$ cat work20.cif   # mmCIF, N, CA and C atoms
data_final
loop_
_atom_site.label_atom_id
_atom_site.label_comp_id
_atom_site.auth_asym_id
_atom_site.auth_seq_id
_atom_site.Cartn_x
_atom_site.Cartn_y
_atom_site.Cartn_z
N MET E 34 -22.21 -114.00 36.93
CA MET E 34 -22.69 -112.68 36.53
C MET E 34 -21.82 -112.17 35.39
N ASN E 35 -22.36 -112.14 34.17
CA ASN E 35 -21.62 -111.65 33.02
C ASN E 35 -22.04 -110.22 32.73
N THR E 36 -21.25 -109.27 33.20
CA THR E 36 -21.58 -107.87 33.01
C THR E 36 -21.21 -107.43 31.60
N LEU E 37 -22.05 -106.61 30.98
CA LEU E 37 -21.71 -106.05 29.67
C LEU E 37 -20.47 -105.17 29.82
N LYS E 38 -19.65 -105.17 28.77
CA LYS E 38 -18.41 -104.41 28.79
C LYS E 38 -18.41 -103.39 27.65
N VAL E 39 -17.47 -102.46 27.72
CA VAL E 39 -17.31 -101.47 26.66
C VAL E 39 -17.12 -102.19 25.33
N GLY E 40 -17.87 -101.76 24.33
CA GLY E 40 -17.81 -102.38 23.01
C GLY E 40 -18.91 -103.39 22.75
N ASP E 41 -19.58 -103.85 23.84
CA ASP E 41 -20.70 -104.80 23.67
C ASP E 41 -21.93 -104.08 23.13
N LYS E 42 -22.68 -104.79 22.30
CA LYS E 42 -23.97 -104.26 21.85
C LYS E 42 -25.04 -104.76 22.81
N VAL E 43 -25.87 -103.85 23.27
CA VAL E 43 -26.95 -104.23 24.20
C VAL E 43 -28.10 -104.82 23.38
N PRO E 44 -28.53 -106.05 23.71
CA PRO E 44 -29.66 -106.62 22.97
C PRO E 44 -30.96 -105.86 23.26
N GLU E 45 -31.85 -105.89 22.30
CA GLU E 45 -33.16 -105.24 22.46
C GLU E 45 -33.87 -105.78 23.70
N PHE E 46 -34.52 -104.90 24.43
CA PHE E 46 -35.33 -105.35 25.57
C PHE E 46 -36.58 -104.48 25.68
N THR E 47 -37.56 -105.01 26.38
CA THR E 47 -38.78 -104.27 26.70
C THR E 47 -39.02 -104.44 28.19
N ALA E 48 -39.34 -103.35 28.86
CA ALA E 48 -39.69 -103.41 30.29
C ALA E 48 -40.75 -102.35 30.54
N ILE E 49 -41.40 -102.42 31.70
CA ILE E 49 -42.41 -101.40 31.98
C ILE E 49 -41.85 -100.35 32.92
N ASP E 50 -42.32 -99.12 32.71
CA ASP E 50 -41.88 -98.03 33.57
C ASP E 50 -42.83 -97.87 34.75
N GLN E 51 -42.62 -96.81 35.51
CA GLN E 51 -43.38 -96.58 36.75
C GLN E 51 -44.89 -96.44 36.50
N ASP E 52 -45.28 -96.12 35.28
CA ASP E 52 -46.71 -95.95 34.98
C ASP E 52 -47.30 -97.12 34.21
N GLY E 53 -46.48 -98.19 34.04
CA GLY E 53 -46.98 -99.36 33.33
C GLY E 53 -46.83 -99.27 31.82
N ASN E 54 -46.14 -98.23 31.32
CA ASN E 54 -45.89 -98.11 29.89
C ASN E 54 -44.74 -99.03 29.49
N SER E 55 -44.84 -99.60 28.28
CA SER E 55 -43.73 -100.41 27.78
C SER E 55 -42.64 -99.50 27.23
N ILE E 56 -41.42 -99.75 27.66
CA ILE E 56 -40.26 -99.00 27.18
C ILE E 56 -39.35 -100.00 26.49
N ASN E 57 -38.96 -99.69 25.25
CA ASN E 57 -38.06 -100.56 24.49
C ASN E 57 -36.72 -99.86 24.34
N LEU E 58 -35.66 -100.65 24.31
CA LEU E 58 -34.35 -100.06 24.05
C LEU E 58 -34.38 -99.32 22.71
N SER E 59 -35.09 -99.88 21.74
CA SER E 59 -35.11 -99.27 20.39
C SER E 59 -35.78 -97.90 20.37
N ASP E 60 -36.55 -97.56 21.43
CA ASP E 60 -37.13 -96.21 21.53
C ASP E 60 -36.02 -95.15 21.57
N TYR E 61 -34.82 -95.57 21.97
CA TYR E 61 -33.72 -94.63 22.15
C TYR E 61 -32.71 -94.67 21.00
N LYS E 62 -33.07 -95.38 19.92
CA LYS E 62 -32.14 -95.46 18.79
C LYS E 62 -31.83 -94.05 18.29
N GLY E 63 -30.54 -93.81 18.02
CA GLY E 63 -30.14 -92.48 17.55
C GLY E 63 -29.86 -91.51 18.68
N LYS E 64 -30.02 -91.97 19.94
CA LYS E 64 -29.74 -91.12 21.09
C LYS E 64 -28.72 -91.81 21.99
N LYS E 65 -27.94 -91.01 22.70
CA LYS E 65 -27.04 -91.57 23.70
C LYS E 65 -27.87 -91.82 24.96
N LEU E 66 -27.59 -92.92 25.62
CA LEU E 66 -28.43 -93.32 26.75
C LEU E 66 -27.58 -93.68 27.96
N ILE E 67 -28.01 -93.18 29.11
CA ILE E 67 -27.42 -93.57 30.40
C ILE E 67 -28.41 -94.51 31.06
N VAL E 68 -27.97 -95.74 31.35
CA VAL E 68 -28.82 -96.69 32.07
C VAL E 68 -28.18 -96.90 33.43
N PHE E 69 -28.88 -96.43 34.49
CA PHE E 69 -28.29 -96.60 35.82
C PHE E 69 -29.13 -97.57 36.63
N PHE E 70 -28.44 -98.52 37.25
CA PHE E 70 -29.06 -99.57 38.04
C PHE E 70 -28.85 -99.26 39.51
N TYR E 71 -29.92 -99.34 40.27
CA TYR E 71 -29.81 -99.06 41.71
C TYR E 71 -30.55 -100.14 42.48
N PRO E 72 -30.07 -100.44 43.71
CA PRO E 72 -30.62 -101.59 44.45
C PRO E 72 -32.08 -101.46 44.86
N LYS E 73 -32.51 -100.30 45.36
CA LYS E 73 -33.88 -100.21 45.84
C LYS E 73 -34.37 -98.77 45.86
N ALA E 74 -35.55 -98.56 45.31
CA ALA E 74 -36.14 -97.22 45.28
C ALA E 74 -36.32 -96.67 46.69
N SER E 75 -36.09 -95.38 46.82
CA SER E 75 -36.36 -94.63 48.05
C SER E 75 -35.42 -94.95 49.22
N THR E 76 -34.36 -95.73 48.97
CA THR E 76 -33.37 -95.94 50.03
C THR E 76 -32.34 -94.80 49.93
N PRO E 77 -31.60 -94.53 51.01
CA PRO E 77 -30.77 -93.32 51.05
C PRO E 77 -29.78 -93.18 49.89
N GLY E 78 -28.96 -94.21 49.63
CA GLY E 78 -27.95 -94.10 48.56
C GLY E 78 -28.58 -93.93 47.19
N CYS E 79 -29.65 -94.66 46.95
CA CYS E 79 -30.32 -94.60 45.64
C CYS E 79 -30.96 -93.23 45.44
N THR E 80 -31.49 -92.66 46.53
CA THR E 80 -32.12 -91.35 46.45
C THR E 80 -31.07 -90.28 46.13
N VAL E 81 -29.93 -90.34 46.83
CA VAL E 81 -28.86 -89.36 46.58
C VAL E 81 -28.38 -89.45 45.13
N GLU E 82 -28.19 -90.68 44.65
CA GLU E 82 -27.71 -90.89 43.28
C GLU E 82 -28.70 -90.33 42.26
N ALA E 83 -29.96 -90.70 42.40
CA ALA E 83 -30.97 -90.28 41.42
C ALA E 83 -31.21 -88.77 41.49
N CYS E 84 -31.13 -88.19 42.69
CA CYS E 84 -31.31 -86.74 42.82
C CYS E 84 -30.14 -85.99 42.19
N ASN E 85 -28.93 -86.55 42.29
CA ASN E 85 -27.76 -85.94 41.64
C ASN E 85 -27.98 -85.92 40.12
N LEU E 86 -28.52 -87.00 39.57
CA LEU E 86 -28.79 -87.05 38.12
C LEU E 86 -29.91 -86.07 37.77
N ARG E 87 -30.92 -86.00 38.62
CA ARG E 87 -32.03 -85.05 38.39
C ARG E 87 -31.50 -83.61 38.38
N ASP E 88 -30.67 -83.28 39.37
CA ASP E 88 -30.19 -81.90 39.50
C ASP E 88 -29.29 -81.49 38.35
N ASN E 89 -28.71 -82.47 37.67
CA ASN E 89 -27.81 -82.19 36.56
C ASN E 89 -28.40 -82.64 35.22
N TYR E 90 -29.70 -82.87 35.22
CA TYR E 90 -30.37 -83.43 34.04
C TYR E 90 -30.17 -82.57 32.79
N LYS E 91 -30.29 -81.26 32.95
CA LYS E 91 -30.15 -80.36 31.80
C LYS E 91 -28.74 -80.45 31.21
N GLU E 92 -27.76 -80.56 32.10
CA GLU E 92 -26.36 -80.70 31.65
C GLU E 92 -26.18 -82.01 30.88
N LEU E 93 -26.77 -83.09 31.39
CA LEU E 93 -26.67 -84.38 30.71
C LEU E 93 -27.38 -84.32 29.36
N GLN E 94 -28.55 -83.68 29.34
CA GLN E 94 -29.28 -83.54 28.07
C GLN E 94 -28.48 -82.71 27.07
N ALA E 95 -27.80 -81.68 27.58
CA ALA E 95 -26.98 -80.82 26.71
C ALA E 95 -25.87 -81.64 26.05
N GLU E 96 -25.43 -82.71 26.72
CA GLU E 96 -24.41 -83.60 26.16
C GLU E 96 -25.05 -84.68 25.28
N GLY E 97 -26.37 -84.62 25.12
CA GLY E 97 -27.07 -85.54 24.23
C GLY E 97 -27.59 -86.81 24.87
N PHE E 98 -27.55 -86.87 26.21
CA PHE E 98 -27.96 -88.09 26.89
C PHE E 98 -29.44 -88.12 27.27
N GLU E 99 -30.04 -89.31 27.14
CA GLU E 99 -31.31 -89.63 27.78
C GLU E 99 -30.97 -90.51 28.98
N LEU E 100 -31.88 -90.61 29.93
CA LEU E 100 -31.63 -91.43 31.12
C LEU E 100 -32.72 -92.46 31.34
N LEU E 101 -32.31 -93.60 31.86
CA LEU E 101 -33.23 -94.65 32.31
C LEU E 101 -32.71 -95.19 33.64
N GLY E 102 -33.55 -95.14 34.67
CA GLY E 102 -33.21 -95.77 35.94
C GLY E 102 -33.84 -97.15 35.99
N VAL E 103 -33.14 -98.12 36.57
CA VAL E 103 -33.66 -99.49 36.61
C VAL E 103 -33.42 -100.13 37.98
N SER E 104 -34.48 -100.72 38.54
CA SER E 104 -34.33 -101.60 39.70
C SER E 104 -35.42 -102.66 39.60
N ALA E 105 -35.44 -103.57 40.57
CA ALA E 105 -36.43 -104.66 40.54
C ALA E 105 -37.68 -104.29 41.35
N ASP E 106 -37.82 -103.01 41.67
CA ASP E 106 -39.00 -102.58 42.42
C ASP E 106 -40.27 -102.66 41.58
N SER E 107 -41.41 -102.69 42.25
CA SER E 107 -42.70 -102.71 41.56
C SER E 107 -42.96 -101.35 40.90
N PRO E 108 -43.86 -101.32 39.91
CA PRO E 108 -44.21 -100.02 39.30
C PRO E 108 -44.69 -99.02 40.35
N LYS E 109 -45.43 -99.49 41.35
CA LYS E 109 -45.95 -98.58 42.37
C LYS E 109 -44.80 -97.94 43.17
N ARG E 110 -43.82 -98.74 43.56
CA ARG E 110 -42.65 -98.19 44.29
C ARG E 110 -41.87 -97.21 43.42
N GLN E 111 -41.71 -97.57 42.15
CA GLN E 111 -40.98 -96.68 41.23
C GLN E 111 -41.76 -95.37 41.05
N SER E 112 -43.07 -95.48 40.93
CA SER E 112 -43.91 -94.31 40.75
C SER E 112 -43.82 -93.38 41.96
N ASN E 113 -43.88 -93.96 43.16
CA ASN E 113 -43.77 -93.17 44.38
C ASN E 113 -42.42 -92.45 44.44
N PHE E 114 -41.37 -93.18 44.08
CA PHE E 114 -40.01 -92.65 44.09
C PHE E 114 -39.89 -91.48 43.11
N LYS E 115 -40.38 -91.70 41.89
CA LYS E 115 -40.29 -90.69 40.83
C LYS E 115 -41.08 -89.43 41.21
N ASN E 116 -42.29 -89.65 41.72
CA ASN E 116 -43.15 -88.51 42.03
C ASN E 116 -42.63 -87.71 43.22
N LYS E 117 -42.16 -88.43 44.24
CA LYS E 117 -41.68 -87.76 45.45
C LYS E 117 -40.52 -86.82 45.13
N TYR E 118 -39.60 -87.28 44.28
CA TYR E 118 -38.39 -86.50 43.99
C TYR E 118 -38.43 -85.83 42.62
N GLU E 119 -39.57 -85.95 41.93
CA GLU E 119 -39.78 -85.26 40.65
C GLU E 119 -38.67 -85.56 39.63
N PHE E 120 -38.39 -86.85 39.44
CA PHE E 120 -37.38 -87.23 38.44
C PHE E 120 -37.93 -87.00 37.04
N PRO E 121 -37.14 -86.37 36.17
CA PRO E 121 -37.62 -86.08 34.80
C PRO E 121 -37.36 -87.24 33.83
N PHE E 122 -36.97 -88.40 34.36
CA PHE E 122 -36.66 -89.55 33.50
C PHE E 122 -37.44 -90.77 34.01
N PRO E 123 -37.70 -91.74 33.11
CA PRO E 123 -38.46 -92.92 33.53
C PRO E 123 -37.65 -93.86 34.42
N LEU E 124 -38.35 -94.60 35.26
CA LEU E 124 -37.75 -95.63 36.09
C LEU E 124 -38.38 -96.96 35.70
N LEU E 125 -37.55 -97.91 35.31
CA LEU E 125 -38.08 -99.21 34.89
C LEU E 125 -38.29 -100.11 36.11
N ALA E 126 -39.44 -100.77 36.11
CA ALA E 126 -39.79 -101.72 37.17
C ALA E 126 -39.49 -103.12 36.63
N ASP E 127 -38.26 -103.55 36.82
CA ASP E 127 -37.78 -104.79 36.21
C ASP E 127 -37.95 -105.96 37.18
N GLU E 128 -39.21 -106.23 37.53
CA GLU E 128 -39.48 -107.24 38.56
C GLU E 128 -39.06 -108.65 38.13
N ASP E 129 -39.07 -108.92 36.83
CA ASP E 129 -38.69 -110.26 36.38
C ASP E 129 -37.20 -110.35 36.01
N HIS E 130 -36.46 -109.24 36.24
CA HIS E 130 -35.00 -109.21 36.07
C HIS E 130 -34.53 -109.33 34.62
N THR E 131 -35.42 -109.08 33.67
CA THR E 131 -35.02 -109.16 32.26
C THR E 131 -33.84 -108.24 31.96
N VAL E 132 -33.99 -106.97 32.31
CA VAL E 132 -32.96 -105.97 31.98
C VAL E 132 -31.73 -106.18 32.87
N LEU E 133 -31.98 -106.48 34.14
CA LEU E 133 -30.88 -106.73 35.08
C LEU E 133 -29.97 -107.85 34.55
N ASN E 134 -30.59 -108.90 34.02
CA ASN E 134 -29.81 -110.04 33.53
C ASN E 134 -29.10 -109.72 32.21
N ILE E 135 -29.73 -108.93 31.34
CA ILE E 135 -29.08 -108.54 30.09
C ILE E 135 -27.78 -107.79 30.39
N PHE E 136 -27.85 -106.84 31.34
CA PHE E 136 -26.66 -106.03 31.66
C PHE E 136 -25.72 -106.76 32.62
N GLY E 137 -26.23 -107.80 33.29
CA GLY E 137 -25.39 -108.58 34.19
C GLY E 137 -25.13 -107.89 35.52
N VAL E 138 -26.15 -107.24 36.06
CA VAL E 138 -25.97 -106.51 37.32
C VAL E 138 -26.64 -107.20 38.52
N TRP E 139 -27.30 -108.35 38.27
CA TRP E 139 -27.91 -109.09 39.37
C TRP E 139 -26.93 -110.18 39.79
N GLY E 140 -26.62 -110.25 41.07
CA GLY E 140 -25.69 -111.29 41.51
C GLY E 140 -25.44 -111.23 43.00
N THR E 141 -24.45 -111.99 43.43
CA THR E 141 -24.16 -112.13 44.85
C THR E 141 -23.57 -110.83 45.40
N LYS E 142 -24.09 -110.43 46.55
CA LYS E 142 -23.59 -109.24 47.24
C LYS E 142 -23.28 -109.61 48.68
N LYS E 143 -22.40 -108.83 49.28
CA LYS E 143 -22.10 -109.00 50.71
C LYS E 143 -22.39 -107.70 51.41
N PHE E 144 -23.06 -107.80 52.55
CA PHE E 144 -23.33 -106.60 53.33
C PHE E 144 -23.37 -106.99 54.80
N MET E 145 -22.50 -106.39 55.59
CA MET E 145 -22.45 -106.66 57.03
C MET E 145 -22.41 -108.15 57.34
N GLY E 146 -21.55 -108.86 56.60
CA GLY E 146 -21.37 -110.28 56.87
C GLY E 146 -22.41 -111.20 56.25
N LYS E 147 -23.48 -110.61 55.68
CA LYS E 147 -24.50 -111.45 55.03
C LYS E 147 -24.19 -111.53 53.54
N VAL E 148 -24.48 -112.69 52.97
CA VAL E 148 -24.33 -112.87 51.53
C VAL E 148 -25.72 -113.08 50.95
N TYR E 149 -26.06 -112.36 49.92
CA TYR E 149 -27.40 -112.46 49.33
C TYR E 149 -27.34 -112.04 47.87
N ASP E 150 -28.38 -112.31 47.12
CA ASP E 150 -28.46 -111.88 45.73
C ASP E 150 -29.14 -110.52 45.66
N GLY E 151 -28.62 -109.65 44.82
CA GLY E 151 -29.22 -108.34 44.68
C GLY E 151 -28.65 -107.61 43.48
N ILE E 152 -29.02 -106.35 43.37
CA ILE E 152 -28.60 -105.52 42.25
C ILE E 152 -27.30 -104.80 42.60
N HIS E 153 -26.34 -104.90 41.70
CA HIS E 153 -25.10 -104.15 41.86
C HIS E 153 -25.31 -102.76 41.27
N ARG E 154 -24.95 -101.74 42.04
CA ARG E 154 -25.12 -100.35 41.59
C ARG E 154 -24.08 -100.07 40.50
N LYS E 155 -24.54 -100.05 39.27
CA LYS E 155 -23.64 -99.79 38.14
C LYS E 155 -24.37 -98.90 37.15
N THR E 156 -23.58 -98.19 36.35
CA THR E 156 -24.14 -97.33 35.32
C THR E 156 -23.45 -97.62 34.00
N PHE E 157 -24.26 -97.67 32.94
CA PHE E 157 -23.76 -97.96 31.59
C PHE E 157 -24.10 -96.78 30.68
N LEU E 158 -23.12 -96.35 29.89
CA LEU E 158 -23.35 -95.33 28.87
C LEU E 158 -23.38 -96.03 27.53
N LEU E 159 -24.43 -95.74 26.75
CA LEU E 159 -24.58 -96.36 25.43
C LEU E 159 -24.54 -95.26 24.36
N ASP E 160 -24.00 -95.63 23.19
CA ASP E 160 -24.01 -94.68 22.09
C ASP E 160 -25.34 -94.79 21.32
N GLU E 161 -25.41 -94.10 20.19
CA GLU E 161 -26.66 -94.03 19.41
C GLU E 161 -27.10 -95.37 18.85
N ASN E 162 -26.17 -96.35 18.82
CA ASN E 162 -26.49 -97.68 18.30
C ASN E 162 -26.51 -98.74 19.39
N ALA E 163 -26.68 -98.31 20.63
CA ALA E 163 -26.79 -99.23 21.78
C ALA E 163 -25.50 -100.01 22.04
N ILE E 164 -24.37 -99.42 21.69
CA ILE E 164 -23.06 -100.01 22.03
C ILE E 164 -22.60 -99.37 23.34
N VAL E 165 -22.12 -100.21 24.27
CA VAL E 165 -21.64 -99.70 25.56
C VAL E 165 -20.34 -98.91 25.34
N THR E 166 -20.32 -97.65 25.78
CA THR E 166 -19.12 -96.82 25.63
C THR E 166 -18.40 -96.61 26.96
N LYS E 167 -19.11 -96.85 28.08
CA LYS E 167 -18.49 -96.66 29.39
C LYS E 167 -19.29 -97.44 30.42
N VAL E 168 -18.58 -98.03 31.38
CA VAL E 168 -19.23 -98.72 32.50
C VAL E 168 -18.66 -98.12 33.78
N ILE E 169 -19.54 -97.67 34.66
CA ILE E 169 -19.10 -97.14 35.96
C ILE E 169 -19.45 -98.18 37.02
N ASP E 170 -18.41 -98.85 37.51
CA ASP E 170 -18.59 -99.92 38.50
C ASP E 170 -18.68 -99.38 39.91
N LYS E 171 -17.90 -98.34 40.19
CA LYS E 171 -17.86 -97.78 41.54
C LYS E 171 -18.59 -96.44 41.50
N VAL E 172 -19.90 -96.50 41.62
CA VAL E 172 -20.71 -95.29 41.54
C VAL E 172 -20.54 -94.49 42.82
N LYS E 173 -20.19 -93.21 42.65
CA LYS E 173 -20.18 -92.28 43.78
C LYS E 173 -21.53 -91.56 43.74
N THR E 174 -22.40 -91.90 44.68
CA THR E 174 -23.78 -91.43 44.58
C THR E 174 -23.89 -89.91 44.56
N LYS E 175 -23.05 -89.23 45.32
CA LYS E 175 -23.16 -87.77 45.41
C LYS E 175 -22.54 -87.07 44.22
N GLU E 176 -21.68 -87.76 43.47
CA GLU E 176 -20.95 -87.14 42.36
C GLU E 176 -21.14 -87.90 41.06
N HIS E 177 -22.32 -88.49 40.92
CA HIS E 177 -22.49 -89.42 39.81
C HIS E 177 -22.43 -88.74 38.45
N THR E 178 -23.03 -87.56 38.34
CA THR E 178 -23.00 -86.85 37.06
C THR E 178 -21.56 -86.55 36.64
N ALA E 179 -20.74 -86.12 37.59
CA ALA E 179 -19.34 -85.83 37.29
C ALA E 179 -18.63 -87.08 36.77
N GLN E 180 -18.94 -88.24 37.36
CA GLN E 180 -18.33 -89.50 36.88
C GLN E 180 -18.73 -89.78 35.45
N ILE E 181 -19.99 -89.51 35.13
CA ILE E 181 -20.50 -89.79 33.79
C ILE E 181 -19.81 -88.88 32.76
N LEU E 182 -19.65 -87.63 33.11
CA LEU E 182 -19.14 -86.65 32.14
C LEU E 182 -17.61 -86.58 32.08
N GLU E 183 -16.93 -87.21 33.02
CA GLU E 183 -15.46 -87.10 33.01
C GLU E 183 -14.83 -87.86 31.86
#

$ encode --input "work20.cif" --output "structure tokens"
Amino acid sequence: MNTLKVGDKVPEFTAIDQDGNSINLSDYKGKKLIVFFYPKASTPGCTVEACNLRDNYKELQAEGFELLGVSADSPKRQSNFKNKYEFPFPLLADEDHTVLNIFGVWGTKKFMGKVYDGIHRKTFLLDENAIVTKVIDKVKTKEHTAQILE
């Protein structure tokens, strides 16, 4: 698992959002972007994390950030998640792991003695030219906005 690091340029990618629209990294050129990866839509930790970002969305926008949530869920699951909690940002349905692999967040995980492949909960901050400026490896779901802005 080769995770992108601070100073790396993120290669161009295209993925579909919860409504089946194509989203390109280049759509965000000239804007600062927060890309947050979460293991599974509508699970407790992911819900807390995404709701924290939603509740502080105006503050993040005031700092010039756009947001993109990414998991390997289907568009339908992402759509249900977004609509239920009224997220003001798109959720990418990266079922083929294109974006997950670019950022290097898909890999071996351990949970309760089981070893399996899955998504590592990480967040990347990108500048206006898609250069990584910050990587948050240990996401605190309840305080995620504070971690981003610190």

$ resolve_selection --input "work20.cif" --expression "the PyMOL selection byres (((chain E and resi 54 and name CA) around 12) and name CA)" --output "list in words"
Thr47, Ala48, Ile49, Asp50, Gln51, Asp52, Gly53, Ser55, Ile56, Asn57, Pro108, Ser112, Pro123, Leu124, Leu125 and Ala126 of chain E

$ residues_around --input "work20.cif" --residues "Ser75 in chain E" --least-positions-apart "6" --cutoff "12 Å" --atoms "only C-alpha atoms" --output "list in words"
Val81, Glu82, Ala83, Cys84, Ser104, Asp106, Lys109, Arg110, Gln111, Ser112, Asn113, Phe114, Lys115, Asn116, Lys117 and Tyr118 of chain E

$ resolve_selection --input "work20.cif" --expression "the PyMOL selection byres (((chain E and resi 156 and name CA) around 10) and name CA)" --output "ChimeraX atom specification"
/E:67-71,101-103,136,138,153-155,157-159,167-172,177,180-181

$ atom_distance --input "work20.cif" --atom1 "CA of Ala74 in chain E" --atom2 "CA of Phe120 in chain E"
12.2 Å

$ resolve_selection --input "work20.cif" --expression "the PyMOL selection byres ((chain E and resi 91-97) around 6.5)" --output "PyMOL selection string"
chain E and resi 64-66+87-90+98-99

$ select_by_dssp --input "work20.cif" --residues "chain E" --states "alpha helix (DSSP H)" --output "MDAnalysis selection string"
chainID E and resid 77:88 90:95 108:118 131:136 177:182

$ write_last_selection --input "work20.cif" --atoms "N, CA and C atoms" --output "CSV table (one decimal), in the frame of the given file"
chain,number,residue,atom,x,y,z
E,77,PRO,N,-31.6,-94.5,51.0
E,77,PRO,CA,-30.8,-93.3,51.0
E,77,PRO,C,-29.8,-93.2,49.9
E,78,GLY,N,-29.0,-94.2,49.6
E,78,GLY,CA,-28.0,-94.1,48.6
E,78,GLY,C,-28.6,-93.9,47.2
E,79,CYS,N,-29.6,-94.7,47.0
E,79,CYS,CA,-30.3,-94.6,45.6
E,79,CYS,C,-31.0,-93.2,45.4
E,80,THR,N,-31.5,-92.7,46.5
E,80,THR,CA,-32.1,-91.4,46.4
E,80,THR,C,-31.1,-90.3,46.1
E,81,VAL,N,-29.9,-90.3,46.8
E,81,VAL,CA,-28.9,-89.4,46.6
E,81,VAL,C,-28.4,-89.4,45.1
E,82,GLU,N,-28.2,-90.7,44.6
E,82,GLU,CA,-27.7,-90.9,43.3
E,82,GLU,C,-28.7,-90.3,42.3
E,83,ALA,N,-30.0,-90.7,42.4
E,83,ALA,CA,-31.0,-90.3,41.4
E,83,ALA,C,-31.2,-88.8,41.5
E,84,CYS,N,-31.1,-88.2,42.7
E,84,CYS,CA,-31.3,-86.7,42.8
E,84,CYS,C,-30.1,-86.0,42.2
E,85,ASN,N,-28.9,-86.6,42.3
E,85,ASN,CA,-27.8,-85.9,41.6
E,85,ASN,C,-28.0,-85.9,40.1
E,86,LEU,N,-28.5,-87.0,39.6
E,86,LEU,CA,-28.8,-87.0,38.1
E,86,LEU,C,-29.9,-86.1,37.8
E,87,ARG,N,-30.9,-86.0,38.6
E,87,ARG,CA,-32.0,-85.0,38.4
E,87,ARG,C,-31.5,-83.6,38.4
E,88,ASP,N,-30.7,-83.3,39.4
E,88,ASP,CA,-30.2,-81.9,39.5
E,88,ASP,C,-29.3,-81.5,38.4
E,90,TYR,N,-29.7,-82.9,35.2
E,90,TYR,CA,-30.4,-83.4,34.0
E,90,TYR,C,-30.2,-82.6,32.8
E,91,LYS,N,-30.3,-81.3,33.0
E,91,LYS,CA,-30.2,-80.4,31.8
E,91,LYS,C,-28.7,-80.4,31.2
E,92,GLU,N,-27.8,-80.6,32.1
E,92,GLU,CA,-26.4,-80.7,31.6
E,92,GLU,C,-26.2,-82.0,30.9
E,93,LEU,N,-26.8,-83.1,31.4
E,93,LEU,CA,-26.7,-84.4,30.7
E,93,LEU,C,-27.4,-84.3,29.4
E,94,GLN,N,-28.6,-83.7,29.3
E,94,GLN,CA,-29.3,-83.5,28.1
E,94,GLN,C,-28.5,-82.7,27.1
E,95,ALA,N,-27.8,-81.7,27.6
E,95,ALA,CA,-27.0,-80.8,26.7
E,95,ALA,C,-25.9,-81.6,26.0
E,108,PRO,N,-43.9,-101.3,39.9
E,108,PRO,CA,-44.2,-100.0,39.3
E,108,PRO,C,-44.7,-99.0,40.4
E,109,LYS,N,-45.4,-99.5,41.4
E,109,LYS,CA,-46.0,-98.6,42.4
E,109,LYS,C,-44.8,-97.9,43.2
E,110,ARG,N,-43.8,-98.7,43.6
E,110,ARG,CA,-42.6,-98.2,44.3
E,110,ARG,C,-41.9,-97.2,43.4
E,111,GLN,N,-41.7,-97.6,42.2
E,111,GLN,CA,-41.0,-96.7,41.2
E,111,GLN,C,-41.8,-95.4,41.0
E,112,SER,N,-43.1,-95.5,40.9
E,112,SER,CA,-43.9,-94.3,40.8
E,112,SER,C,-43.8,-93.4,42.0
E,113,ASN,N,-43.9,-94.0,43.2
E,113,ASN,CA,-43.8,-93.2,44.4
E,113,ASN,C,-42.4,-92.4,44.4
E,114,PHE,N,-41.4,-93.2,44.1
E,114,PHE,CA,-40.0,-92.6,44.1
E,114,PHE,C,-39.9,-91.5,43.1
E,115,LYS,N,-40.4,-91.7,41.9
E,115,LYS,CA,-40.3,-90.7,40.8
E,115,LYS,C,-41.1,-89.4,41.2
E,116,ASN,N,-42.3,-89.6,41.7
E,116,ASN,CA,-43.2,-88.5,42.0
E,116,ASN,C,-42.6,-87.7,43.2
E,117,LYS,N,-42.2,-88.4,44.2
E,117,LYS,CA,-41.7,-87.8,45.4
E,117,LYS,C,-40.5,-86.8,45.1
E,118,TYR,N,-39.6,-87.3,44.3
E,118,TYR,CA,-38.4,-86.5,44.0
E,118,TYR,C,-38.4,-85.8,42.6
E,131,THR,N,-35.4,-109.1,33.7
E,131,THR,CA,-35.0,-109.2,32.3
E,131,THR,C,-33.8,-108.2,32.0
E,132,VAL,N,-34.0,-107.0,32.3
E,132,VAL,CA,-33.0,-106.0,32.0
E,132,VAL,C,-31.7,-106.2,32.9
E,133,LEU,N,-32.0,-106.5,34.1
E,133,LEU,CA,-30.9,-106.7,35.1
E,133,LEU,C,-30.0,-107.8,34.6
E,134,ASN,N,-30.6,-108.9,34.0
E,134,ASN,CA,-29.8,-110.0,33.5
E,134,ASN,C,-29.1,-109.7,32.2
E,135,ILE,N,-29.7,-108.9,31.3
E,135,ILE,CA,-29.1,-108.5,30.1
E,135,ILE,C,-27.8,-107.8,30.4
E,136,PHE,N,-27.8,-106.8,31.3
E,136,PHE,CA,-26.7,-106.0,31.7
E,136,PHE,C,-25.7,-106.8,32.6
E,177,HIS,N,-22.3,-88.5,40.9
E,177,HIS,CA,-22.5,-89.4,39.8
E,177,HIS,C,-22.4,-88.7,38.4
E,178,THR,N,-23.0,-87.6,38.3
E,178,THR,CA,-23.0,-86.8,37.1
E,178,THR,C,-21.6,-86.6,36.6
E,179,ALA,N,-20.7,-86.1,37.6
E,179,ALA,CA,-19.3,-85.8,37.3
E,179,ALA,C,-18.6,-87.1,36.8
E,180,GLN,N,-18.9,-88.2,37.4
E,180,GLN,CA,-18.3,-89.5,36.9
E,180,GLN,C,-18.7,-89.8,35.4
E,181,ILE,N,-20.0,-89.5,35.1
E,181,ILE,CA,-20.5,-89.8,33.8
E,181,ILE,C,-19.8,-88.9,32.8
E,182,LEU,N,-19.6,-87.6,33.1
E,182,LEU,CA,-19.1,-86.6,32.1
E,182,LEU,C,-17.6,-86.6,32.1

$ select_by_dssp --input "work20.cif" --residues "range 43-166 of chain E" --states "strand (DSSP E or B)" --output "PyMOL selection string"
chain E and resi 47-50+55-57+65-70+98-104+124-126+139-144+147-152+155-159+164-166

$ residues_near_point --input "work20.cif" --point "(-25.0, -99.8, 22.6)" --cutoff "8 Å" --atoms "only C-alpha atoms" --output "list in words"
Gly40, Asp41, Lys42, Val43, Leu158, Leu159, Asp160, Glu161, Asn162, Ala163, Ile164, Val165 and Thr166 of chain E
